[in-house]
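Novice: Here you go, this is data-v4.cif (mmCIF, C-alpha atoms).
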data_input
loop_
_atom_site.label_atom_id
_atom_site.label_comp_id
_atom_site.auth_asym_id
_atom_site.auth_seq_id
_atom_site.Cartn_x
_atom_site.Cartn_y
_atom_site.Cartn_z
CA MET A 1 87.93 148.47 30.74
CA LYS A 2 90.71 146.80 32.72
CA ASP A 3 89.55 143.73 34.61
CA LEU A 4 90.46 143.94 38.31
CA SER A 5 91.54 140.31 38.05
CA ALA A 6 94.79 141.92 36.84
CA LEU A 7 95.54 142.23 40.56
CA ASP A 8 95.64 138.44 40.81
CA PHE A 9 99.30 137.45 41.18
CA THR A 10 98.67 133.70 41.22
CA GLY A 11 101.62 131.89 39.64
CA LYS A 12 103.91 134.92 39.91
CA ILE A 13 107.26 134.79 41.69
CA ALA A 14 108.08 138.00 43.54
CA LEU A 15 111.17 139.07 45.47
CA VAL A 16 110.80 141.80 48.08
CA THR A 17 113.89 143.16 49.83
CA GLY A 18 113.81 144.83 53.21
CA ALA A 19 110.80 142.62 53.90
CA SER A 20 111.27 142.07 57.62
CA ARG A 21 109.26 145.16 58.57
CA GLY A 22 107.79 148.45 57.34
CA ILE A 23 106.93 148.97 53.68
CA GLY A 24 108.67 145.77 52.59
CA GLU A 25 106.70 143.57 54.97
CA ALA A 26 103.41 145.23 54.04
CA VAL A 27 104.11 144.76 50.31
CA ALA A 28 105.21 141.14 50.74
CA ARG A 29 102.11 140.23 52.73
CA SER A 30 99.81 141.87 50.19
CA LEU A 31 101.46 140.15 47.22
CA ALA A 32 101.14 136.81 49.00
CA VAL A 33 97.47 137.38 49.82
CA LEU A 34 96.91 138.09 46.13
CA GLY A 35 98.47 134.78 45.12
CA ALA A 36 102.18 135.39 44.52
CA THR A 37 104.92 133.17 45.85
CA VAL A 38 107.01 135.75 47.69
CA ILE A 39 110.72 135.47 48.37
CA ILE A 40 111.39 137.78 51.28
CA ALA A 41 114.89 139.10 51.94
CA ALA A 42 116.50 141.13 54.70
CA ARG A 43 119.59 140.90 56.89
CA LYS A 44 118.17 138.85 59.77
CA ILE A 45 116.68 135.44 59.07
CA GLU A 46 114.90 135.36 62.45
CA THR A 47 112.65 138.33 61.66
CA LEU A 48 112.09 137.06 58.12
CA GLU A 49 110.91 133.73 59.49
CA GLN A 50 108.37 135.57 61.63
CA VAL A 51 107.04 137.42 58.58
CA ALA A 52 106.97 134.17 56.58
CA ALA A 53 104.99 132.50 59.36
CA ALA A 54 102.45 135.35 59.35
CA ILE A 55 102.11 135.07 55.56
CA GLU A 56 101.62 131.29 55.75
CA LYS A 57 98.99 131.81 58.45
CA GLU A 58 97.14 134.14 56.05
CA GLY A 59 97.17 131.41 53.40
CA GLY A 60 100.09 132.72 51.36
CA LYS A 61 103.48 131.32 50.46
CA ALA A 62 106.73 132.97 51.54
CA ILE A 63 110.36 131.91 51.30
CA PRO A 64 112.72 133.74 53.69
CA VAL A 65 116.33 134.25 52.57
CA ALA A 66 118.82 136.32 54.54
CA CYS A 67 120.63 138.91 52.42
CA ASN A 68 122.44 142.17 53.16
CA THR A 69 121.96 144.08 49.90
CA GLY A 70 124.97 146.24 50.71
CA ARG A 71 127.16 143.20 50.05
CA PRO A 72 127.50 142.04 46.43
CA ASP A 73 128.45 138.50 47.44
CA GLU A 74 125.22 138.13 49.42
CA ILE A 75 123.16 139.42 46.50
CA GLU A 76 124.84 136.84 44.25
CA ALA A 77 124.14 134.13 46.83
CA LEU A 78 120.49 135.22 47.06
CA PHE A 79 119.97 134.75 43.32
CA GLU A 80 121.85 131.46 43.38
CA THR A 81 119.42 130.30 46.06
CA ILE A 82 116.45 131.47 43.99
CA GLY A 83 117.73 129.58 40.95
CA SER A 84 118.61 126.44 42.91
CA ARG A 85 115.03 126.24 44.16
CA GLY A 86 113.71 126.36 40.61
CA TYR A 87 112.33 129.89 40.72
CA SER A 88 112.63 132.68 38.18
CA LEU A 89 111.44 136.17 39.08
CA ASP A 90 108.42 137.89 37.59
CA ILE A 91 108.52 140.79 40.05
CA LEU A 92 111.25 142.56 42.01
CA VAL A 93 110.39 145.11 44.68
CA ASN A 94 113.67 146.83 45.55
CA ASN A 95 112.99 148.20 49.01
CA ALA A 96 115.93 147.50 51.35
CA ALA A 97 117.65 150.75 52.28
CA THR A 98 119.75 152.42 54.95
CA ASN A 99 120.01 155.91 56.37
CA PRO A 100 122.85 155.89 58.91
CA PHE A 101 123.26 159.65 59.41
CA TYR A 102 120.83 162.46 60.13
CA GLY A 103 122.32 165.93 60.25
CA PRO A 104 124.04 168.72 58.28
CA ALA A 105 125.69 167.70 55.00
CA VAL A 106 128.99 169.27 56.11
CA ASP A 107 129.11 166.79 59.02
CA VAL A 108 128.43 163.57 57.07
CA PRO A 109 131.26 161.10 57.82
CA GLN A 110 132.72 159.21 54.88
CA TRP A 111 131.67 155.86 56.32
CA ALA A 112 128.01 156.98 56.36
CA PHE A 113 128.25 158.30 52.78
CA ASP A 114 129.79 155.04 51.59
CA LYS A 115 127.26 152.85 53.41
CA THR A 116 124.33 154.86 52.04
CA PHE A 117 125.49 154.43 48.46
CA GLU A 118 126.53 150.80 48.91
CA VAL A 119 123.00 149.81 49.94
CA ASN A 120 120.72 152.42 48.38
CA VAL A 121 122.39 152.73 44.98
CA LYS A 122 124.85 149.92 44.25
CA GLY A 123 122.65 147.37 46.03
CA TYR A 124 119.57 148.48 44.08
CA PHE A 125 121.48 148.37 40.80
CA LEU A 126 122.89 144.88 41.39
CA MET A 127 119.45 143.61 42.36
CA CYS A 128 118.05 145.05 39.13
CA GLN A 129 120.85 143.43 37.12
CA TYR A 130 120.31 139.95 38.52
CA ALA A 131 116.52 140.21 38.37
CA ALA A 132 116.54 141.55 34.81
CA LYS A 133 118.67 138.64 33.61
CA GLN A 134 116.07 136.20 34.91
CA MET A 135 113.24 138.27 33.43
CA LEU A 136 114.96 138.51 30.03
CA ALA A 137 115.04 134.72 29.88
CA LYS A 138 111.24 134.64 30.23
CA ASN A 139 110.59 137.69 28.02
CA GLY A 140 109.08 139.94 30.63
CA GLY A 141 108.81 141.13 34.19
CA ASN A 142 108.28 144.05 36.52
CA ILE A 143 110.75 145.95 38.68
CA VAL A 144 109.48 148.42 41.27
CA ASN A 145 112.10 150.49 43.05
CA ILE A 146 111.21 152.22 46.31
CA ALA A 147 112.68 155.70 45.94
CA SER A 148 111.70 158.70 48.08
CA VAL A 149 110.31 162.18 47.76
CA ALA A 150 113.75 163.18 49.07
CA GLY A 151 115.12 162.18 45.68
CA LEU A 152 112.82 164.71 44.01
CA SER A 153 112.85 167.51 46.56
CA PRO A 154 115.82 167.37 48.97
CA ILE A 155 115.05 167.42 52.68
CA PRO A 156 117.36 169.37 55.04
CA GLN A 157 119.62 167.13 57.16
CA GLN A 158 119.12 164.33 54.61
CA VAL A 159 121.23 165.46 51.68
CA VAL A 160 123.18 162.24 51.15
CA TYR A 161 120.07 160.08 51.50
CA GLY A 162 118.33 162.29 48.95
CA MET A 163 121.31 162.01 46.58
CA GLY A 164 121.03 158.23 46.72
CA LYS A 165 117.30 158.27 46.07
CA ALA A 166 117.80 160.69 43.16
CA ALA A 167 120.18 158.09 41.74
CA VAL A 168 117.47 155.42 42.15
CA ILE A 169 115.08 157.63 40.17
CA ALA A 170 117.64 158.07 37.38
CA MET A 171 118.34 154.33 37.46
CA THR A 172 114.64 153.58 37.15
CA ARG A 173 114.20 155.81 34.12
CA GLY A 174 117.36 154.57 32.42
CA LEU A 175 116.54 150.90 32.91
CA ALA A 176 112.97 151.49 31.72
CA LYS A 177 114.32 152.76 28.41
CA GLU A 178 116.78 149.88 28.01
CA LEU A 179 114.52 147.05 29.15
CA GLY A 180 111.14 148.21 27.84
CA PRO A 181 111.72 146.86 24.31
CA LYS A 182 112.41 143.47 25.92
CA GLY A 183 109.16 143.33 27.87
CA ILE A 184 110.43 144.44 31.27
CA ARG A 185 108.78 147.41 32.93
CA VAL A 186 110.72 149.44 35.51
CA ASN A 187 108.98 151.97 37.74
CA ALA A 188 109.46 153.56 41.15
CA VAL A 189 107.37 154.68 44.08
CA ALA A 190 108.49 157.82 45.92
CA PRO A 191 106.96 157.85 49.40
CA GLY A 192 107.00 160.78 51.76
CA VAL A 193 107.75 160.15 55.42
CA VAL A 194 106.33 156.80 56.53
CA GLU A 195 105.95 155.81 60.17
CA THR A 196 108.42 152.95 60.39
CA LYS A 197 111.42 152.12 62.56
CA PHE A 198 113.55 153.25 59.60
CA ALA A 199 112.16 156.81 59.84
CA GLU A 200 112.13 157.20 63.62
CA ALA A 201 114.82 159.91 63.53
CA MET A 202 112.16 162.10 61.92
CA THR A 203 108.87 160.75 63.23
CA LYS A 204 109.95 160.67 66.90
CA ASN A 205 111.61 164.11 66.98
CA GLU A 206 109.08 166.82 67.82
CA GLU A 207 110.96 169.64 66.09
CA ILE A 208 111.42 167.64 62.89
CA GLN A 209 107.81 166.46 63.09
CA ARG A 210 106.57 170.03 63.13
CA MET A 211 108.80 171.00 60.20
CA ILE A 212 107.78 168.09 57.96
CA LEU A 213 104.10 168.03 58.87
CA GLY A 214 103.96 171.78 58.30
CA MET A 215 105.02 171.14 54.70
CA THR A 216 102.60 168.22 54.25
CA PRO A 217 99.04 169.14 53.17
CA LEU A 218 97.58 165.98 54.75
CA ARG A 219 99.29 166.96 58.03
CA ARG A 220 100.31 163.42 58.95
CA PHE A 221 102.85 160.74 58.16
CA ALA A 222 101.90 157.69 56.11
CA GLY A 223 101.48 154.16 57.40
CA PRO A 224 103.39 151.42 55.53
CA GLU A 225 100.14 149.95 54.21
CA GLU A 226 99.36 153.26 52.45
CA ILE A 227 102.30 152.71 50.09
CA VAL A 228 101.25 149.18 49.14
CA GLY A 229 98.56 150.13 46.62
CA SER A 230 101.04 152.07 44.48
CA VAL A 231 103.46 149.14 44.43
CA LEU A 232 100.72 146.65 43.55
CA TYR A 233 99.50 148.87 40.73
CA LEU A 234 102.95 149.14 39.17
CA ALA A 235 103.67 145.43 39.60
CA SER A 236 100.34 144.30 38.17
CA GLY A 237 98.53 144.02 34.89
CA LEU A 238 96.70 147.26 35.67
CA SER A 239 99.76 149.24 34.56
CA THR A 240 100.78 147.43 31.38
CA TYR A 241 101.51 150.70 29.53
CA THR A 242 103.42 152.31 32.38
CA THR A 243 107.20 152.29 32.60
CA GLY A 244 109.81 154.80 33.70
CA THR A 245 107.24 156.42 36.00
CA ILE A 246 107.94 157.77 39.48
CA LEU A 247 104.68 157.46 41.42
CA VAL A 248 104.72 159.95 44.28
CA CYS A 249 102.90 159.09 47.53
CA ASP A 250 103.90 161.89 49.87
CA GLY A 251 100.76 163.40 51.36
CA GLY A 252 101.18 166.38 49.06
CA ILE A 253 104.59 167.50 50.32
CA SER A 254 105.96 167.94 46.79
CA SER A 255 102.82 169.56 45.38
#
As structure tokens, what does this structure read like?
Specialist:
Amino acid sequence: MKDLSALDFTGKIALVTGASRGIGEAVARSLAVLGATVIIAARKIETLEQVAAAIEKEGGKAIPVACNTGRPDEIEALFETIGSRGYSLDILVNNAATNPFYGPAVDVPQWAFDKTFEVNVKGYFLMCQYAAKQMLAKNGGNIVNIASVAGLSPIPQQVVYGMGKAAVIAMTRGLAKELGPKGIRVNAVAPGVVETKFAEAMTKNEEIQRMILGMTPLRRFAGPEEIVGSVLYLASGLSTYTTGTILVCDGGISS
């Protein structure tokens, strides 16, 4: 039987993107409570410093580094900072994302399409590349990509976002096959609608609320903390024979 001490992340170095709020913040705080040194990244250093202070107050260790994952030069700088501080990643939680347009696919402006793919696909891929290179040097590691149920079952008015998350799912499975023989596991979590600032276009609109909740057997949106357990499982020693998996946490919407 698996020992639950496999959820002890003491000595592990984890990087969580989009960690200034929502799912990313909840994951970062949980990893820190369980012993990991957590590098937290997002665009604004001020909000990251607030999260880092909360983590330190809870007895954890957090290192805030500003990074816009839609910009390759900032991703490169992030990993240069990680290396210069003597760290090498054991865990990457790829969570930073954008969703700049909500509406019919025929009305999506090119700038919104480009921004969505720059952050949600290219940004995820570059993060995986840099993280995997560090993990290869230490013969192992874990990558957890935050995808979405929209990448499995497209949601009306969110076609481009769903396309990007479908790419994340394909990326996860492809990298799992390439990196598995080298000791690196790559998995994804596909949440349904989570009550965060990121999802307010859906959670604060009564008409959209009714549509989505009507399709959701649990008849409610998730809280960020309800996604954490899936991420911890995939990043921990509890899932040592799991790679290339898309773990769905959607309240039953895709059932």
Novice: I'd like a table as a tab-separated table: residues in region 102-221 of chain A with an atom no more than 10 Å from region 68-83 of chain A, each row giving the shortest atom pair and its distance in Å to one decimal, only C-alpha atoms counted, sorted by chain and rising residue number.
Specialist:
residue	atom	partner	partner_atom	distance
A:Lys115	CA	A:Gly70	CA	7.5
A:Thr116	CA	A:Gly70	CA	8.7
A:Phe117	CA	A:Gly70	CA	8.5
A:Glu118	CA	A:Gly70	CA	5.1
A:Val119	CA	A:Gly70	CA	4.1
A:Asn120	CA	A:Gly70	CA	7.9
A:Val121	CA	A:Gly70	CA	9.0
A:Lys122	CA	A:Gly70	CA	7.4
A:Gly123	CA	A:Thr69	CA	5.1
A:Tyr124	CA	A:Thr69	CA	7.7
A:Leu126	CA	A:Pro72	CA	7.4
A:Met127	CA	A:Ile75	CA	7.0
A:Tyr130	CA	A:Phe79	CA	7.1
A:Ala131	CA	A:Phe79	CA	8.1
A:Gln134	CA	A:Gly83	CA	9.1
Novice: So which residues touch Ala147 (chain A) within 10 Å, counting all atoms listed in the file, skipping near sequence neighbours fewer than 3 positions away, as a ChimeraX atom specification?
Specialist: /A:94-95,97,120,144,150-152,162,164-169,172,187-192,246-248
Novice: Given the file above and the PyMOL selection byres ((chain A and resi 56) around 12), which residues are selected, and can you give them as a list in words?
Specialist: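 This file, filtered by the PyMOL selection byres ((chain A and resi 56) around 12), leaves Ala28, Arg29, Ala32, Val33, Gly35, Ala36, Thr37, Val38, Glu49, Gln50, Val51, Ala52, Ala53, Ala54, Ile55, Lys57, Glu58, Gly59, Gly60, Lys61, Ala62, Ile63 and Pro64 of chain A.
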Novice: Point out the residue among A:Met163, A:Ile45, A:Ile155, A:Ala170 with the least atom-to-atom distance to Phe113 (chain A), counting all atoms listed in the file.
Specialist: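 Comparing A:Met163, A:Ile45, A:Ile155, A:Ala170 against Phe113 (chain A), the winner is A:Met163.
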Novice: To one decimal place, how far is CA of Ile39 (chain A) from CA of Arg21 (chain A) in Å?
Specialist: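 CA of Arg21 (chain A) lies at a distance of 14.1 Å from CA of Ile39 (chain A).
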Novice: Rounded to one decimal in Å, what is the spacing between CA of Lys133 (chain A) and CA of Gly229 (chain A)?
Specialist: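 CA of Gly229 (chain A) lies 26.6 Å from CA of Lys133 (chain A).
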Novice: What is the CA of Ser230 (chain A) to CA of Val27 (chain A) distance in Å?
Specialist: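 Atom-to-atom, CA of Ser230 (chain A) to CA of Val27 (chain A), that is 9.8 Å.
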Novice: Please determine, counting all atoms listed in the file, which residue among A:Gly174, A:Gly251, A:Pro181, A:Gly244 has the shortest atom-to-atom distance to Phe125 (chain A).
Specialist: A:Gly174
Novice: Extending 6 Å beyond the listed atoms of region 101-116 of chain A on each side, what axis-aligned box results? I want centre and edge lengths in Å to one decimal, as lines of an AutoDock Vina configuration file.
Specialist:
center_x = 126.8
center_y = 161.1
center_z = 55.9
size_x = 23.9
size_y = 28.4
size_z = 20.7
Novice: Can you work out which one of A:Ile208, A:Leu92, A:Ile184, A:Cys249 has the shortest atom-to-atom distance to Val228 (chain A), counting all atoms listed in the file?
Specialist: A:Cys249
Novice: Pull out every residue that the PyMOL selection byres ((chain A and resi 241) around 12) matches in the shown coordinates and put them as a VMD selection string.
Specialist: chain A and resid 2 142 176 180 183 to 187 233 to 240 242 to 245
Novice: Out of A:Leu179, A:Ile91, A:Ala41, A:Cys67, which residue has the shortest atom-to-atom distance to Gly11 (chain A) when counting all atoms listed in the file?
Specialist: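 With all atoms listed in the file as the atom set, the closest residue is A:Ile91.
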Novice: Counting all atoms listed in the file, which residue out of A:Val160, A:Met135, A:Val193, A:Lys177 sits closest to Trp111 (chain A)?
Specialist: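 Using all atoms listed in the file, Trp111 (chain A) sits closest to A:Val160.
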Novice: Taking all atoms listed in the file into account, name the residue in A:Leu213, A:Val149, A:Ala222, A:Val231 that is nearest to Val16 (chain A).
Specialist: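 Closest to Val16 (chain A) of all the choices is A:Val231.
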Novice: To test your reading of the syntax: which residues would the PyMOL selection byres ((chain A and resi 218) around 7) return for the file shown? Reply as a list of chain:residue names.
Specialist: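 After applying the PyMOL selection byres ((chain A and resi 218) around 7), what remains is A:Thr216, A:Pro217, A:Arg219, A:Arg220, A:Gly251, A:Gly252.
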Novice: Excluding Gly22 (chain A) and residues on its chain fewer than 2 positions from it, collect all residues at most 7 Å away from it, counting all atoms listed in the file, and give them as a PDB file with C-alpha atoms, keeping the file's coordinate frame.
Specialist:
ATOM      1  CA  GLY A  24     108.670 145.770  52.590  1.00  0.00           C
ATOM      2  CA  GLU A  25     106.700 143.570  54.970  1.00  0.00           C
ATOM      3  CA  ALA A  26     103.410 145.230  54.040  1.00  0.00           C
ATOM      4  CA  THR A 196     108.420 152.950  60.390  1.00  0.00           C
ATOM      5  CA  PRO A 224     103.390 151.420  55.530  1.00  0.00           C
TER       6      PRO A 224
END
